[in-house]
Amino acid sequence: MNASAATAADAVNPQSNPLLTKSPLPYELPPFDKIRNEHFRPAIEAGMAEQKREIETIANSQEAATFENTIVALERSGELLARANSVFYNLTSSHTNPDLEALRTDLAPKLSAHSDSIYLDPALFARVAALYGKRASLQLDPESLRLLERYHTLFVRAGAKLSEADKTKLKQMNQQLSSLTTQFSQTVLKGVNAAAVVFDKVSDLDGLSQAQIATAAEAARTRKLDGKWVVALLNTTGQPPLAQMTNRAARQRIYEASIHRGWGGEFDTTKLIEQIVALRAERAALLGYPTHAAYVTEDETALTPQAVNRMLAQLAPPAVANARAEAADMQALIDAQAKARGTKPFKLAPWDWDFYAEQVRAAKYSYDESQVRPYFEMNRVLVDGVLFAAHELYGLNFKERKDLPVYQEDVRVFEVANADGSPLGLFLVDWYARDNKRGGAWMNSFVEQSQLLGKKPVVVNNLNIPKPPQGEPTLLTFDEVTTAFHEFGHAVHGLFSDVQYPTFSGTSVPRDFVEFPSQYNEMWATEPRVLANYAKHYQTGAAMPQALMDKVLAAGKFNQGFATTEYLAAAMLDQSWHQLPAGKTPKAADAARFEAAALKTAGVDLDAVPPRYRSTYFSHVFSSPIGYSAGYYAYIWSDVLARDTQHWFKTNGGLTRANGDRLREKILSKGFSVDSLTLFRDFYGKDPDIGPLLESRGLELAK
Ligand SMILES: [Zn+2]
């Protein structure tokens with residue numbers, strides 16, 4: 001018998017496919033030592049089939065609809081699918097391989113059709129609607145009532161109330177959107193690769209490190225351009241090498257290659273934008289909304305596009321004023337250098353910004369990363385920093401469980417217990433970068449807490465910290481330390497979840513709220529008592545000198561006018577495209593004019609500060625049917641809540657158990673079982689205000 005035949009037969013056998021049965025491990029941690037590639041497809045397909053049967057049973061029941069036999073039954077449905085999917089999507093993010101990637105491409109449309117088949121099932125919706133209609137008389141507890149309302153909302157927003165003809169139209173639109181947005185993402189990827197800049201002379205790259213130059217030479221060889229140098233681009237307007245490259249003309253070439261991506265030519269995306277934006281507006285109209293932005297924001301804490309506009313408009317003037325002040329500092333430096341050299345000064349251009357910002361930064365704060373890193377040894381940052389702060393604030397205790405299986409040898413598992421010793425969940429730490437892990441940092445769940453299903457949370461934090469050679473310590477940058485605290489804020493949101501229903505578990509909150517607990521948790525990285533506990537020299541154990549820390553903290557406010565303005569410009573572009581009604585969206589030929597006018601109207605059209613993404617490569621908003629469309633504002637919206645919370649802690653005694661427990665009780669344990677903004681007001685005692693955010697970014701100075 002050959003091995004693959006044995007494998008195929010085994011994979012559908014519950015005895016040999018560990019995904020088909022509930023994990024026997026503590027907290028239902030997936031048995032990673034037994035899970036293999038070939039287990040996923042049969043488990044996910046069996047999961048869809050099982051949920052389909054469960055849904056049919058609910059929808060076709062002869063009994064009258066009750067909360068129990070309809071809504072609770074929906075909550076209980078799909079457990080196998082959820083279990084298999086959570087392992088699958090965690091691994092395709094952090095430990096993937098070509099087989100899993102091929103399977104992901106294959107499954108995407110199937111999983112989306114599966115979801116449509118639930119939300120557009122008329123018999124099922126009839127039962128939900130019947131219950132919703134008499135919800136006041138059902139005597140439900142508040143969380144159950146909210147669950148019924150939530151299901152009704154989800155069905156209606158998915159199109160359940162439409163006529164059969166309109167449902168067909170909607171499904172077509174969804175398919176078209178799915179195809180167009182996939183094309184957008186593929187075209188942007190090809191476009192960014194094609195826009196890599198070729199240099200003939202190595203002197204063009206002056207300022208880059210030997211390693212970067214070697215990478216550029218290697219990139220040229222791969223493209224059969226031996227003897228030349230290729231600088232690859234990232235999918236943002238800004239390109240990191242510009243901070244180092246001394247040759248101004250070379251910087252300009254890279255910058256222009258970046259901002260001209262997608263505007264015409266082989267990898268044009270303006271026609272895709274035209275169609276995506278038009279289709280989204282028509283889809284919103286079909287669902288009864290004036291615009292796509294109205295459709296999206298209704299389900300966020302913002303509620304309306306007008307509220308988003310108001311917030312962005314409040315932030316723009318101080319951000320722009322600071323960006324202008326930063327530009328003036330750099331212009332002064334350019335002029336002084338020209339005078340000293342006896343050359344003609346030039347006007348600061350966008351391709352000069354990072355280069356001169358770096359010089360101003362060095363002059364103003366006079367330290368470099370190599371001075372601080374010895375104080376940020378990875379294990380100390382984790383145990384004596386991140387976990388220590390959680391102990392001081394919430395009384396949590398962490399015990400490493402080396403006896404439990406992991407999916408990769410560097411992953412660590414901690415069992416988390418409350419102050420009274422009661423078990424809370426598992427926390428997995430996967431901090432090292434790997435070439436089979438996607439970029440960035442994130443938190444995810446393997447198991448979501450819910451009382452209904454008797455589950456305690458299993459969460460993971462992923463970072464991308466380069467792994468040093470064997471035997472050398474892992475020393476973090478201050479940015480990486482901040483990211484570690486950030487992601488742990490998400491982890492705590494998942495771990496503290498104490499809700500009845502899985503739909504409301506942990507981080508299942510609106511996009512413009514979900515970053516708040518993580519952005520808030522960053523504050524503990526620099527709290528003096530926490531810092532003193534973890535920032536110790538990895539060789540001598542000496543505390544980090546206060547003067548050095550002060551410089552690091554002060555530098556955190558540097559260049560925030562630029563960073564906030566480029567972000568706001570992109571957020572406003574996103575809103576502008578999606579606040580148009582059906583039939584009023586621009587044609588591809590007008591896209592550039594539309595973009596320029598939108599930035600001008602918003603007051604963020606600074607010559608030297610282009611948007612973080614121009615429309616043609618704005619993947620957050622055009623690369624998936626919904627994605628962050630009309631939702632890119634969410635990052636700064638959440639940050640307002642986070643900085644208000646930081647302000648609250650500072651004015652209420654800081655790092656104390658009483659304060660931590662209050663936040664846990666009022667917000668972090670509630671998931672989405674209560675409206676998010678209501679939770680925030682209950683904690684903060686008033687509406688959010690933008691003052692603390694401006695202060696934290698140093699933006700109130702140049703009003
Ligand atoms: Zn986050």
# chains A, B, ... in the order shown; residues from 1 in each chain; ligands from 1
$ residues_near_ligand --ligand "ligand 1" --cutoff "12 Å" --atoms "only C-alpha atoms and all ligand atoms" --output "VMD selection string"
chain A and resid 440 to 444 461 to 463 482 to 493 507 511 to 522 634 to 636 638 to 639 642
$ residues_around --residues "A:Ala319" --least-positions-apart "5" --cutoff "12 Å" --atoms "only C-alpha atoms" --output "PyMOL selection string"
chain A and resi 312-314+324-326+559-569+603-604+606+609+693-695+697-703
$ residues_around --residues "A:Ser624" --least-positions-apart "5" --cutoff "10 Å" --atoms "only C-alpha atoms" --output "list in words"
Leu177, Ser178, Ser179, Leu180, Thr181, Thr182, Gln183, Phe184, Ser185, Ile276, Ser619 and Ser629 of chain A
$ select_by_dssp --residues "stretch 643-688 of chain A" --states "alpha helix (DSSP H)" --output "list of chain:residue names"
A:Arg643, A:Asp644, A:Thr645, A:Gln646, A:His647, A:Trp648, A:Phe649, A:Lys650, A:Thr651, A:Arg657, A:Ala658, A:Asn659, A:Gly660, A:Asp661, A:Arg662, A:Leu663, A:Ser676, A:Leu677, A:Thr678, A:Leu679, A:Phe680, A:Arg681, A:Asp682, A:Phe683, A:Tyr684
$ select_by_dssp --residues "stretch 457-682 of chain A" --states "strand (DSSP E or B)" --output "ChimeraX atom specification"
/A:458-465,475,536,543,606,609
$ residues_around --residues "A:Ser94" --least-positions-apart "6" --cutoff "12 Å" --atoms "only C-alpha atoms" --output "number ranges by chain"
A: 87-88, 100-101, 407-408, 410-411, 429-444, 460-464
$ atom_distance --atom1 "atom CA of A:Gly627" --atom2 "atom CA of A:Val458"
25.3 Å
$ closest_residue --among "A:Leu677, A:Leu495, A:Leu147, A:Leu348" --to "A:Phe414" --atoms "only C-alpha atoms"
A:Leu495
$ residues_around --residues "stretch 168-173 of chain A" --least-positions-apart "5" --cutoff "12 Å" --atoms "only C-alpha atoms" --output "MDAnalysis selection string"
chainID A and resid 112:113 115:117 119:120 157:163 178:181 275:287 625
$ residues_around --residues "A:Ala46" --least-positions-apart "3" --cutoff "10 Å" --atoms "only C-alpha atoms" --output "MDAnalysis selection string"
chainID A and resid 12 20 40:43 49:52 80:81 84
$ residues_around --residues "A:Ala589" --least-positions-apart "3" --cutoff "10 Å" --atoms "only C-alpha atoms" --output "ChimeraX atom specification"
/A:263-264,270-271,274,586,592-594
$ write_last_selection --atoms "N, CA, C and O atoms" --output "PDB file, in the first residue's frame"
ATOM      1  N   TRP A 263      -1.539  53.871 -12.098  1.00  0.00           N
ATOM      2  CA  TRP A 263      -2.199  54.913 -12.898  1.00  0.00           C
ATOM      3  C   TRP A 263      -1.870  54.672 -14.367  1.00  0.00           C
ATOM      4  O   TRP A 263      -0.923  55.235 -14.897  1.00  0.00           O
ATOM      5  N   GLY A 264      -2.623  53.835 -15.032  1.00  0.00           N
ATOM      6  CA  GLY A 264      -2.372  53.528 -16.443  1.00  0.00           C
ATOM      7  C   GLY A 264      -1.331  52.428 -16.589  1.00  0.00           C
ATOM      8  O   GLY A 264      -0.790  51.922 -15.601  1.00  0.00           O
ATOM      9  N   THR A 270      -7.092  51.732 -12.053  1.00  0.00           N
ATOM     10  CA  THR A 270      -8.162  52.736 -11.985  1.00  0.00           C
ATOM     11  C   THR A 270      -9.489  52.179 -12.510  1.00  0.00           C
ATOM     12  O   THR A 270     -10.552  52.517 -12.000  1.00  0.00           O
ATOM     13  N   LYS A 271      -9.414  51.300 -13.521  1.00  0.00           N
ATOM     14  CA  LYS A 271     -10.660  50.733 -14.042  1.00  0.00           C
ATOM     15  C   LYS A 271     -11.288  49.798 -13.017  1.00  0.00           C
ATOM     16  O   LYS A 271     -12.511  49.708 -12.892  1.00  0.00           O
ATOM     17  N   GLU A 274     -12.937  52.007 -10.429  1.00  0.00           N
ATOM     18  CA  GLU A 274     -14.212  52.502 -10.962  1.00  0.00           C
ATOM     19  C   GLU A 274     -15.320  51.470 -10.758  1.00  0.00           C
ATOM     20  O   GLU A 274     -16.407  51.778 -10.258  1.00  0.00           O
ATOM     21  N   PRO A 586     -17.083  58.198  -9.743  1.00  0.00           N
ATOM     22  CA  PRO A 586     -16.320  58.662 -10.907  1.00  0.00           C
ATOM     23  C   PRO A 586     -15.856  57.535 -11.834  1.00  0.00           C
ATOM     24  O   PRO A 586     -15.730  56.387 -11.421  1.00  0.00           O
ATOM     25  N   ALA A 592      -7.797  60.373 -10.863  1.00  0.00           N
ATOM     26  CA  ALA A 592      -6.722  61.220 -10.327  1.00  0.00           C
ATOM     27  C   ALA A 592      -7.284  62.570  -9.870  1.00  0.00           C
ATOM     28  O   ALA A 592      -6.931  63.075  -8.805  1.00  0.00           O
ATOM     29  N   ARG A 593      -8.164  63.145 -10.702  1.00  0.00           N
ATOM     30  CA  ARG A 593      -8.793  64.423 -10.333  1.00  0.00           C
ATOM     31  C   ARG A 593      -9.601  64.259  -9.051  1.00  0.00           C
ATOM     32  O   ARG A 593      -9.581  65.097  -8.167  1.00  0.00           O
ATOM     33  N   PHE A 594     -10.338  63.141  -8.978  1.00  0.00           N
ATOM     34  CA  PHE A 594     -11.169  62.876  -7.805  1.00  0.00           C
ATOM     35  C   PHE A 594     -10.302  62.796  -6.549  1.00  0.00           C
ATOM     36  O   PHE A 594     -10.605  63.379  -5.513  1.00  0.00           O
TER      37      PHE A 594
END
$ closest_residue --among "A:Phe67, A:Pro502, A:Leu679, A:Arg251" --to "A:Lys455" --atoms "only C-alpha atoms"
A:Pro502
$ closest_residue --among "A:Tyr394, A:Gln449, A:Ile465, A:Thr503" --to "A:Glu665" --atoms "only C-alpha atoms"
A:Tyr394
$ atom_distance --atom1 "atom CA of A:Val198" --atom2 "atom CA of A:Pro611"
24.6 Å
$ closest_residue --among "A:Asn247, A:Asp226, A:Thr237, A:Tyr632" --to "A:Asp204" --atoms "only C-alpha atoms"
A:Asn247
$ closest_residue --among "A:Lys456, A:Arg261, A:Lys22, A:Arg529" --to "A:Phe496" --atoms "only C-alpha atoms"
A:Lys456
